[in-house]
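Here's query-v8.txt, which has compact mmCIF, C-alpha atoms and all ligand atoms:
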# COMPACT_ATOMS: atom_id res chain seq x y z
CA MET A 1 -127.21 42.42 35.08
CA LEU A 2 -129.62 39.66 34.06
CA GLU A 3 -132.39 41.13 31.90
CA ASP A 4 -135.45 39.54 30.30
CA ARG A 5 -137.27 40.23 27.03
CA TYR A 6 -139.35 42.94 28.72
CA GLY A 7 -136.39 44.92 30.04
CA ARG A 8 -136.83 43.75 33.66
CA GLN A 9 -133.60 43.25 35.59
CA PHE A 10 -132.99 40.58 38.23
CA PRO A 11 -130.72 41.49 41.14
CA TYR A 12 -132.60 39.18 43.54
CA LEU A 13 -132.73 35.39 43.98
CA ARG A 14 -135.07 33.56 46.34
CA LEU A 15 -133.37 30.31 47.11
CA SER A 16 -135.33 27.55 48.80
CA ILE A 17 -133.10 25.34 50.93
CA THR A 18 -135.76 22.82 51.99
CA ASP A 19 -139.36 21.95 51.19
CA VAL A 20 -139.91 20.73 54.74
CA CYS A 21 -141.99 22.91 57.04
CA ASN A 22 -142.92 22.21 60.64
CA PHE A 23 -145.97 24.54 60.65
CA GLN A 24 -149.43 23.77 59.29
CA CYS A 25 -150.58 27.19 58.08
CA ASN A 26 -154.16 26.81 56.96
CA TYR A 27 -153.57 28.59 53.62
CA CYS A 28 -150.36 26.69 52.77
CA LEU A 29 -149.87 23.25 54.39
CA PRO A 30 -153.06 22.63 56.42
CA ASN A 31 -152.16 18.94 56.82
CA GLY A 32 -148.49 19.61 57.46
CA TYR A 33 -145.62 18.72 55.17
CA GLN A 34 -146.43 15.50 53.31
CA GLY A 35 -143.29 15.06 51.20
CA ASP A 36 -140.01 13.27 51.83
CA ALA A 37 -138.34 14.97 54.81
CA HIS A 38 -135.06 13.28 53.91
CA ALA A 39 -134.99 14.35 50.27
CA ALA A 40 -131.57 15.39 49.00
CA PHE A 41 -131.97 19.15 49.12
CA LEU A 42 -129.16 21.34 47.75
CA ARG A 43 -125.86 20.94 49.62
CA ALA A 44 -123.57 23.79 50.69
CA ASP A 45 -121.11 23.19 47.83
CA GLU A 46 -123.93 23.22 45.27
CA ILE A 47 -125.32 26.40 46.79
CA ARG A 48 -121.90 28.05 46.61
CA ARG A 49 -121.61 27.23 42.88
CA LEU A 50 -125.16 28.36 42.20
CA VAL A 51 -124.81 31.68 44.01
CA THR A 52 -121.38 32.33 42.49
CA ALA A 53 -122.84 31.96 38.99
CA PHE A 54 -125.77 34.25 39.78
CA ALA A 55 -123.44 36.82 41.38
CA GLU A 56 -121.30 36.83 38.24
CA LEU A 57 -124.53 37.57 36.34
CA GLY A 58 -125.06 40.64 38.51
CA MET A 59 -127.26 39.31 41.31
CA TRP A 60 -126.46 40.77 44.69
CA LYS A 61 -129.34 39.87 46.99
CA ILE A 62 -130.15 36.31 48.06
CA ARG A 63 -133.09 35.31 50.23
CA LEU A 64 -133.02 31.90 51.87
CA THR A 65 -136.49 30.48 52.19
CA GLY A 66 -138.39 27.21 52.10
CA GLY A 67 -140.29 25.28 53.47
CA GLU A 68 -138.88 26.41 56.76
CA PRO A 69 -135.17 27.20 56.35
CA SER A 70 -134.40 26.76 60.04
CA VAL A 71 -135.21 23.03 59.92
CA ARG A 72 -131.81 22.67 58.19
CA LYS A 73 -129.20 21.85 60.83
CA ASP A 74 -126.49 23.35 58.62
CA LEU A 75 -128.30 26.70 58.29
CA PRO A 76 -125.46 28.86 59.74
CA GLU A 77 -123.04 27.19 57.31
CA LEU A 78 -125.40 27.87 54.40
CA ILE A 79 -125.78 31.52 55.41
CA ALA A 80 -121.99 31.90 55.62
CA THR A 81 -121.56 30.14 52.27
CA VAL A 82 -123.87 32.62 50.55
CA ALA A 83 -122.57 35.67 52.45
CA THR A 84 -118.97 35.05 51.42
CA VAL A 85 -119.62 34.74 47.67
CA PRO A 86 -117.97 37.77 46.02
CA GLY A 87 -120.60 40.22 44.80
CA ILE A 88 -123.33 39.24 47.29
CA ARG A 89 -124.23 42.33 49.27
CA ARG A 90 -127.39 41.24 51.06
CA VAL A 91 -128.35 37.89 52.60
CA ALA A 92 -131.97 37.74 53.74
CA MET A 93 -134.10 34.94 55.12
CA THR A 94 -137.81 34.28 55.60
CA THR A 95 -138.69 32.13 58.58
CA ASN A 96 -141.69 31.17 60.69
CA GLY A 97 -139.51 32.10 63.67
CA TYR A 98 -139.88 28.94 65.71
CA LYS A 99 -136.10 28.75 66.24
CA LEU A 100 -135.55 32.48 66.22
CA ARG A 101 -134.95 32.99 69.95
CA GLN A 102 -132.37 30.18 70.19
CA GLN A 103 -130.61 30.74 66.87
CA VAL A 104 -130.93 34.31 65.62
CA SER A 105 -127.54 35.36 67.06
CA SER A 106 -125.79 32.54 65.19
CA TRP A 107 -127.55 33.47 61.92
CA ARG A 108 -126.50 37.10 62.35
CA ALA A 109 -122.91 36.07 63.14
CA ALA A 110 -122.85 33.89 60.01
CA GLY A 111 -123.67 36.93 57.84
CA LEU A 112 -127.46 37.25 57.70
CA ASP A 113 -128.41 40.92 57.08
CA SER A 114 -132.19 40.90 56.76
CA LEU A 115 -134.88 38.89 58.42
CA ASN A 116 -138.55 38.37 57.56
CA VAL A 117 -140.63 36.59 60.17
CA SER A 118 -144.11 35.37 59.32
CA VAL A 119 -146.58 36.42 62.01
CA ASP A 120 -150.15 36.17 60.78
CA SER A 121 -151.73 37.37 64.00
CA LEU A 122 -150.67 39.07 67.23
CA ASP A 123 -153.43 37.24 69.07
CA PRO A 124 -151.92 34.02 70.50
CA ARG A 125 -155.05 31.92 70.01
CA LEU A 126 -155.63 33.05 66.46
CA PHE A 127 -151.93 32.62 65.67
CA ALA A 128 -152.16 29.03 66.91
CA SER A 129 -155.29 28.34 64.93
CA ILE A 130 -153.73 29.66 61.68
CA THR A 131 -150.32 27.99 62.06
CA GLY A 132 -151.05 24.95 64.22
CA HIS A 133 -148.50 26.14 66.83
CA ASP A 134 -149.00 28.00 70.08
CA LYS A 135 -145.66 29.80 69.69
CA LEU A 136 -146.54 33.47 69.26
CA GLN A 137 -144.99 34.73 72.51
CA ASP A 138 -141.78 32.84 71.88
CA ILE A 139 -141.54 34.17 68.32
CA LEU A 140 -142.20 37.75 69.47
CA ALA A 141 -139.43 37.34 72.07
CA GLY A 142 -137.15 36.18 69.25
CA ILE A 143 -138.01 39.29 67.25
CA GLU A 144 -137.18 41.53 70.24
CA GLN A 145 -133.82 39.76 70.43
CA ALA A 146 -133.25 40.22 66.69
CA LEU A 147 -133.92 43.95 67.14
CA THR A 148 -130.79 44.16 69.33
CA LEU A 149 -128.56 42.58 66.67
CA ASP A 150 -128.24 45.45 64.20
CA PHE A 151 -129.92 43.76 61.22
CA SER A 152 -130.21 46.07 58.24
CA SER A 153 -133.90 45.19 58.03
CA ILE A 154 -136.45 43.23 60.02
CA LYS A 155 -139.91 42.63 58.62
CA LEU A 156 -142.99 40.82 59.79
CA ASN A 157 -145.02 39.06 57.09
CA ALA A 158 -148.76 38.55 57.51
CA VAL A 159 -151.10 37.07 54.94
CA LEU A 160 -154.40 38.97 54.88
CA LEU A 161 -157.22 36.55 55.65
CA ARG A 162 -160.90 37.51 55.48
CA GLY A 163 -162.76 36.61 58.67
CA LEU A 164 -159.55 35.59 60.44
CA ASN A 165 -157.04 38.41 60.85
CA ASP A 166 -158.51 41.18 58.68
CA HIS A 167 -160.04 42.92 61.73
CA GLN A 168 -156.64 43.07 63.47
CA LEU A 169 -155.01 45.85 61.48
CA ASP A 170 -154.94 48.21 64.47
CA ALA A 171 -153.16 45.66 66.66
CA PHE A 172 -150.43 45.28 64.03
CA LEU A 173 -150.13 49.05 63.61
CA ASP A 174 -149.91 49.60 67.38
CA TRP A 175 -147.07 47.10 67.52
CA LEU A 176 -145.23 49.13 64.86
CA ARG A 177 -145.58 52.43 66.69
CA SER A 178 -142.32 52.12 68.63
CA ARG A 179 -140.43 49.48 66.63
CA ARG A 180 -138.26 49.96 63.54
CA VAL A 181 -139.85 47.03 61.81
CA SER A 182 -141.72 46.85 58.52
CA MET A 183 -144.98 45.00 58.44
CA ARG A 184 -145.51 43.24 55.13
CA PHE A 185 -149.10 42.38 54.36
CA ILE A 186 -149.38 39.78 51.63
CA GLU A 187 -152.54 39.26 49.64
CA LEU A 188 -153.55 35.59 49.82
CA MET A 189 -152.57 33.85 46.58
CA GLN A 190 -154.44 30.97 45.09
CA THR A 191 -152.30 27.87 44.70
CA GLY A 192 -153.03 24.41 43.33
CA ASP A 193 -154.10 23.15 46.78
CA ASN A 194 -155.99 26.01 48.39
CA ALA A 195 -158.78 27.02 45.97
CA ALA A 196 -161.69 26.65 48.44
CA PHE A 197 -159.77 28.41 51.22
CA PHE A 198 -158.86 31.18 48.78
CA ASP A 199 -162.51 31.76 47.83
CA ARG A 200 -163.48 32.10 51.50
CA HIS A 201 -160.59 34.18 52.79
CA HIS A 202 -159.06 36.29 50.01
CA VAL A 203 -158.93 40.04 50.82
CA PRO A 204 -158.06 42.34 47.90
CA GLY A 205 -155.04 44.51 48.68
CA ASP A 206 -157.02 47.69 47.86
CA GLU A 207 -159.08 47.21 51.01
CA LEU A 208 -155.93 47.42 53.10
CA VAL A 209 -154.76 50.52 51.20
CA ARG A 210 -158.08 52.28 51.94
CA SER A 211 -157.83 51.38 55.64
CA LEU A 212 -154.24 52.65 55.86
CA LEU A 213 -155.00 55.93 54.10
CA ALA A 214 -158.02 56.46 56.38
CA ARG A 215 -155.68 56.16 59.39
CA GLY A 216 -153.24 58.78 58.07
CA TRP A 217 -150.68 56.45 56.48
CA GLN A 218 -149.10 57.78 53.30
CA GLU A 219 -147.69 55.92 50.35
CA LEU A 220 -143.98 56.34 49.62
CA ALA A 221 -142.94 57.01 46.04
CA ARG A 222 -141.69 53.84 44.40
CA THR A 223 -137.99 53.70 43.74
CA GLN A 224 -136.74 52.71 40.30
CA ASP A 225 -135.13 49.51 41.59
CA GLY A 226 -137.78 48.72 44.24
CA GLY A 227 -139.56 45.37 44.02
CA PRO A 228 -143.29 44.85 43.74
CA ALA A 229 -144.20 45.95 47.30
CA ARG A 230 -146.06 49.24 47.90
CA GLU A 231 -144.68 51.00 51.00
CA PHE A 232 -146.49 53.26 53.48
CA PHE A 233 -145.29 55.44 56.36
CA HIS A 234 -146.90 57.44 59.13
CA PRO A 235 -145.17 60.32 60.93
CA ASP A 236 -146.22 58.98 64.37
CA TYR A 237 -144.87 55.47 63.81
CA HIS A 238 -141.32 54.13 63.73
CA GLY A 239 -142.38 51.12 61.68
CA ARG A 240 -143.55 51.02 58.08
CA VAL A 241 -146.14 49.00 56.23
CA GLY A 242 -145.67 47.24 52.90
CA LEU A 243 -148.26 45.57 50.74
CA ILE A 244 -147.64 42.74 48.30
CA ALA A 245 -150.72 42.68 46.09
CA PRO A 246 -150.08 40.15 43.32
CA TYR A 247 -153.57 40.57 41.85
CA SER A 248 -153.10 44.27 41.21
CA LYS A 249 -152.72 45.54 37.68
CA ASP A 250 -149.12 45.70 36.46
CA PHE A 251 -147.79 43.86 39.55
CA CYS A 252 -145.37 41.86 37.39
CA ASN A 253 -143.90 44.95 35.71
CA THR A 254 -141.66 45.45 38.73
CA CYS A 255 -140.67 41.79 39.10
CA ASN A 256 -136.99 41.73 40.04
CA ARG A 257 -136.56 38.16 41.33
CA LEU A 258 -135.93 34.62 40.21
CA ARG A 259 -136.34 31.47 42.27
CA VAL A 260 -134.46 28.24 42.71
CA THR A 261 -136.17 25.32 44.44
CA ALA A 262 -134.55 23.21 47.13
CA MET A 263 -133.89 20.52 44.51
CA GLY A 264 -132.08 22.98 42.25
CA ASP A 265 -134.77 23.86 39.69
CA LEU A 266 -134.76 27.38 38.32
CA ARG A 267 -138.27 28.84 38.53
CA LEU A 268 -138.88 31.96 36.50
CA CYS A 269 -142.04 32.84 38.41
CA LEU A 270 -143.75 31.76 41.61
CA PHE A 271 -146.58 30.62 39.35
CA GLY A 272 -146.67 29.15 35.86
CA ASP A 273 -144.87 26.07 34.62
CA ALA A 274 -141.64 27.51 33.26
CA GLY A 275 -138.41 26.31 34.78
CA THR A 276 -135.59 23.86 34.37
CA THR A 277 -133.11 21.99 36.49
CA LEU A 278 -129.73 23.56 37.22
CA ARG A 279 -128.50 20.83 39.52
CA ASP A 280 -126.58 18.84 36.94
CA LEU A 281 -124.43 21.96 36.47
CA LEU A 282 -123.76 22.45 40.19
CA GLN A 283 -121.45 19.48 40.61
CA HIS A 284 -118.04 20.97 39.64
CA ASP A 285 -116.54 24.45 39.70
CA ASP A 286 -115.61 24.19 36.03
CA GLN A 287 -119.28 24.01 34.95
CA ARG A 288 -119.86 27.68 35.75
CA LEU A 289 -119.87 28.96 32.19
CA GLN A 290 -122.46 26.38 31.11
CA LEU A 291 -124.51 27.18 34.19
CA LYS A 292 -124.53 30.90 33.43
CA THR A 293 -125.45 30.25 29.81
CA ARG A 294 -128.39 28.06 30.86
CA ILE A 295 -129.66 30.68 33.32
CA GLU A 296 -129.42 33.44 30.73
CA SER A 297 -131.18 31.47 28.02
CA GLN A 298 -133.96 30.29 30.39
CA LEU A 299 -134.58 33.85 31.48
CA GLN A 300 -135.63 34.71 27.95
CA LEU A 301 -138.62 32.38 28.48
CA LYS A 302 -139.94 34.40 31.40
CA LEU A 303 -143.47 35.61 30.67
CA ARG A 304 -144.73 39.14 31.15
CA SER A 305 -147.24 38.15 33.87
CA HIS A 306 -148.05 35.33 36.28
CA PHE A 307 -151.66 35.07 34.96
CA LEU A 308 -152.75 34.43 38.53
CA GLN A 309 -155.73 36.71 37.96
CA ASP A 310 -157.03 34.04 35.55
CA GLY A 311 -156.78 31.38 38.29
CA ASN A 312 -153.68 29.93 36.62
CA THR A 313 -151.57 28.60 39.48
CA GLY A 314 -149.31 26.58 37.18
CA ALA A 315 -147.12 24.00 38.86
CA THR A 316 -147.41 25.47 42.36
CA PRO A 317 -149.41 23.26 44.77
CA HIS A 318 -148.46 25.51 47.72
CA LEU A 319 -145.79 28.12 48.31
CA ALA A 320 -143.70 25.85 50.55
CA SER A 321 -142.85 23.92 47.38
CA CYS A 322 -140.90 26.74 45.81
CA GLY A 323 -139.97 29.28 48.45
CA GLY A 324 -142.95 31.64 48.50
N1 LIG B 401 -141.44 28.94 56.41
C1 LIG B 401 -141.09 30.29 56.12
C2 LIG B 401 -142.15 31.24 56.65
O1 LIG B 401 -143.11 30.77 57.28
O2 LIG B 401 -142.02 32.45 56.48
C3 LIG B 401 -140.75 30.59 54.67
C4 LIG B 401 -141.61 29.98 53.60
S1 LIG B 401 -143.25 30.60 53.50
C5 LIG B 401 -143.86 29.72 52.09
C6 LIG B 401 -142.96 32.25 52.91
C7 LIG B 401 -144.11 33.21 53.01
O3 LIG B 401 -145.13 32.82 52.10
C8 LIG B 401 -144.77 33.29 54.38
O4 LIG B 401 -144.81 34.63 54.80
C9 LIG B 401 -146.16 32.77 54.14
O5 LIG B 401 -147.10 33.36 54.99
C10 LIG B 401 -146.37 33.12 52.69
N2 LIG B 401 -147.39 32.33 52.03
C11 LIG B 401 -147.50 30.98 51.98
N3 LIG B 401 -148.57 30.63 51.25
C12 LIG B 401 -149.15 31.76 50.80
C13 LIG B 401 -150.27 32.06 49.97
N4 LIG B 401 -151.02 31.10 49.46
N5 LIG B 401 -150.54 33.35 49.70
C14 LIG B 401 -149.76 34.34 50.22
N6 LIG B 401 -148.68 34.13 50.99
C15 LIG B 401 -148.38 32.87 51.29

Now that the file is in, can you turn its structure into structure tokens?
Ligand code: SAM
Amino acid sequence: MLEDRYGRQFPYLRLSITDVCNFQCNYCLPNGYQGDAHAAFLRADEIRRLVTAFAELGMWKIRLTGGEPSVRKDLPELIATVATVPGIRRVAMTTNGYKLRQQVSSWRAAGLDSLNVSVDSLDPRLFASITGHDKLQDILAGIEQALTLDFSSIKLNAVLLRGLNDHQLDAFLDWLRSRRVSMRFIELMQTGDNAAFFDRHHVPGDELVRSLLARGWQELARTQDGGPAREFFHPDYHGRVGLIAPYSKDFCNTCNRLRVTAMGDLRLCLFGDAGTTLRDLLQHDDQRLQLKTRIESQLQLKLRSHFLQDGNTGATPHLASCGG
């Protein structure tokens, strides 16, 4: 298993397959995607070589992300490519859900096991004002469809936003009462582009924890190999709640993931500047040894913390640029 200088192991890769996103979330891409929509993002053969190398280094979970992964027309092929690499046991994807209803069955058939859908509000008007798209009902219908497809896990992601959705906790919890879905609340992270928004809307994760405990939710013990999320359950609810609180003390101690951008750069952390290209070593099958050596030696440069608490957002203008 890949291990860094601090003894952390890395079974999990977040692989961005496109920078393009069709939503305009106010904390991420408020003016929509501004880059080159026709950029040469990683091809299926490059992804196969990349994932094969990581799998040989002990990685077994791959999350496809972006940008919005479902803007790629070859998405089912990419899912199948990753799912059939020997050693890969879990293929997950994070999506805004706008193609969920039409396409989720084909993703599942291609080998997708886990699905995260970003839903920042269950109020249609607020959802539209955060994302720029009046699509909530359609996305919720897609989630109901996904629930019939025997995924090993379905999660909703919501970024906590002061003055926008932070008063809607009870609506989210009600929705979880009868559904086997995990709700993932994510603390808003400061990026290169969103400093003013961050100052206005950041909610510390502890506030959510206090609200959950006051409503009878209980924290689950962390598992040894669990990632950085804190998990909560309630005996009266089928669903669970998770919290990703990147500003909390020791958050990075449980880091278990690496990232590769849609252009094939290895990123050791969502934040910070460290990373290098891998793409030159994704062109032929016989480059695999060199590729694995580069990954292993880069990993030794991974820092203990993201230093986000110091306002250091490194090379990350917004999370769509590196698969948040
Ligand atoms: N387009 C997909 C989606 O909407 O889920 C995948 C990419 S998106 C960058 C992945 C996740 O990052 C989403 O759940 C989004 O809400 C979250 N995100 C984006 N910017 C963020 C920020 N500044 N702080 C916290 N979470 C953020």

All residues 7 Å or closer to region 133-145 of chain A, all atoms listed in the file, same chain fewer than 3 positions away omitted, as a VMD selection string: chain A and resid 23 97 to 98 100 to 101 124 127 to 128 148

Residue nearest ligand LIG 401 (chain B) - candidates A:Ser106, A:Ser211, A:Ser152, A:Ser118, atoms counted: only C-alpha atoms and all ligand atoms: A:Ser118

At a cut-off of 7 Å, can you tabulate as a tab-separated table every residue of chain A near ligand LIG 401 (chain B) together with its closest atom pair and the distance in Å to one decimal, using all atoms listed in the file and ordering rows by chain then number?
residue	atom	partner	partner_atom	distance
A:Cys21	CA	B:LIG401	N1	6.1
A:Tyr27	CA	B:LIG401	N4	5.5
A:Cys28	CA	B:LIG401	N3	4.6
A:Thr65	CA	B:LIG401	C3	4.9
A:Gly66	CA	B:LIG401	C4	4.5
A:Gly67	CA	B:LIG401	N1	4.8
A:Glu68	CA	B:LIG401	N1	3.6
A:Pro69	CA	B:LIG401	N1	6.5
A:Thr94	CA	B:LIG401	O2	4.7
A:Thr95	CA	B:LIG401	C1	3.9
A:Asn96	CA	B:LIG401	O1	3.7
A:Asn116	CA	B:LIG401	O2	6.9
A:Val117	CA	B:LIG401	O2	5.7
A:Ser118	CA	B:LIG401	O2	4.6
A:Asn157	CA	B:LIG401	O4	5.0
A:Ala158	CA	B:LIG401	O5	6.0
A:Val159	CA	B:LIG401	O5	5.5
A:Ile186	CA	B:LIG401	C14	5.6
A:Glu187	CA	B:LIG401	C14	5.7
A:Leu188	CA	B:LIG401	N5	3.8
A:Met189	CA	B:LIG401	N5	3.8
A:Gln190	CA	B:LIG401	N4	5.6
A:Thr191	CA	B:LIG401	N4	5.9
A:His318	CA	B:LIG401	N3	6.2
A:Leu319	CA	B:LIG401	C5	4.5
A:Ala320	CA	B:LIG401	C5	4.2
A:Gly323	CA	B:LIG401	C5	5.3
A:Gly324	CA	B:LIG401	C5	4.2

Pick out the residues sitting within 9 Å of Ile244 (chain A), and hand them over as a CSV table (one decimal) with C-alpha atoms, keeping the file's coordinate frame; count all atoms listed in the file, and ignore anything fewer than 3 positions along from it in its own chain.
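Saved as out.csv:
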chain,number,residue,atom,x,y,z
A,184,ARG,CA,-145.5,43.2,55.1
A,185,PHE,CA,-149.1,42.4,54.4
A,186,ILE,CA,-149.4,39.8,51.6
A,187,GLU,CA,-152.5,39.3,49.6
A,205,GLY,CA,-155.0,44.5,48.7
A,228,PRO,CA,-143.3,44.8,43.7
A,229,ALA,CA,-144.2,46.0,47.3
A,230,ARG,CA,-146.1,49.2,47.9
A,251,PHE,CA,-147.8,43.9,39.6

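One distance worth recording is that between CA of Pro30 (chain A) and CA of Val71 (chain A), which is 18.2 Å.
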
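Proximity to Tyr6 (chain A) was assessed for A:Ala262, A:Leu308, A:Cys252, A:Ala80 counting all atoms listed in the file; the smallest distance is recorded for A:Cys252.
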
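With distances restricted to only C-alpha atoms, A:Met263 is the closest residue to Val20 (chain A) from A:Cys269, A:Met263, A:Val119, A:Leu258.
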
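Residue nearest His306 (chain A), chosen from A:Ser248, A:Ser129, A:Gln24, A:Ser182 and counting all atoms listed in the file: A:Ser248.
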
9 Å contact set for Leu42 (chain A), all atoms listed in the file, chain neighbours under 6 positions out, as a ChimeraX atom specification: /A:16-18,261-264,279

Those same residues, written as an mmCIF file, in the coordinates of the input with C-alpha atoms?
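Result file selection_21.cif:
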data_model
loop_
_atom_site.group_PDB
_atom_site.id
_atom_site.type_symbol
_atom_site.label_atom_id
_atom_site.label_comp_id
_atom_site.auth_asym_id
_atom_site.auth_seq_id
_atom_site.Cartn_x
_atom_site.Cartn_y
_atom_site.Cartn_z
ATOM 1 C CA SER A 16 -135.330 27.550 48.800
ATOM 2 C CA ILE A 17 -133.100 25.340 50.930
ATOM 3 C CA THR A 18 -135.760 22.820 51.990
ATOM 4 C CA THR A 261 -136.170 25.320 44.440
ATOM 5 C CA ALA A 262 -134.550 23.210 47.130
ATOM 6 C CA MET A 263 -133.890 20.520 44.510
ATOM 7 C CA GLY A 264 -132.080 22.980 42.250
ATOM 8 C CA ARG A 279 -128.500 20.830 39.520
#

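Distances here use all atoms listed in the file; by that measure, the residue among A:Arg43, A:Arg8, A:Lys155, A:Arg180 closest to Leu282 (chain A) is A:Arg43.
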
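CA of Arg5 (chain A) to CA of Arg257 (chain A) spans 14.5 Å [interatomic distance, one decimal].
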
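The gap separating CA of Arg222 (chain A) from CA of Ser178 (chain A) is 24.3 Å, in Å to one decimal.
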
Exercise: residues within 10 Å of coordinate (-155.8, 33.4, 41.9), counting all atoms listed in the file, as a PDB file with C-alpha atoms, in the frame of the given file:
ATOM      1  CA  LEU A 188    -153.550  35.590  49.820  1.00  0.00           C
ATOM      2  CA  MET A 189    -152.570  33.850  46.580  1.00  0.00           C
ATOM      3  CA  GLN A 190    -154.440  30.970  45.090  1.00  0.00           C
ATOM      4  CA  THR A 191    -152.300  27.870  44.700  1.00  0.00           C
ATOM      5  CA  GLY A 192    -153.030  24.410  43.330  1.00  0.00           C
ATOM      6  CA  ASN A 194    -155.990  26.010  48.390  1.00  0.00           C
ATOM      7  CA  ALA A 195    -158.780  27.020  45.970  1.00  0.00           C
ATOM      8  CA  PHE A 198    -158.860  31.180  48.780  1.00  0.00           C
ATOM      9  CA  ASP A 199    -162.510  31.760  47.830  1.00  0.00           C
ATOM     10  CA  HIS A 202    -159.060  36.290  50.010  1.00  0.00           C
ATOM     11  CA  PRO A 246    -150.080  40.150  43.320  1.00  0.00           C
ATOM     12  CA  TYR A 247    -153.570  40.570  41.850  1.00  0.00           C
ATOM     13  CA  PHE A 271    -146.580  30.620  39.350  1.00  0.00           C
ATOM     14  CA  HIS A 306    -148.050  35.330  36.280  1.00  0.00           C
ATOM     15  CA  PHE A 307    -151.660  35.070  34.960  1.00  0.00           C
ATOM     16  CA  LEU A 308    -152.750  34.430  38.530  1.00  0.00           C
ATOM     17  CA  GLN A 309    -155.730  36.710  37.960  1.00  0.00           C
ATOM     18  CA  ASP A 310    -157.030  34.040  35.550  1.00  0.00           C
ATOM     19  CA  GLY A 311    -156.780  31.380  38.290  1.00  0.00           C
ATOM     20  CA  ASN A 312    -153.680  29.930  36.620  1.00  0.00           C
ATOM     21  CA  THR A 313    -151.570  28.600  39.480  1.00  0.00           C
TER      22      THR A 313
END

All residues 8 Å or closer to Arg90 (chain A), only C-alpha atoms, same chain fewer than 6 positions away omitted, as a PyMOL selection string: chain A and resi 60-62+83+112-114

Surrounding residues of Trp107 (chain A) excluding itself and chain neighbours under 2 positions, 10 Å, only C-alpha atoms, as a count of residues only: 18

Residue among A:Trp175, A:Arg304, A:Val203, A:Leu57 lying closest to Leu2 (chain A), counting only C-alpha atoms: A:Leu57
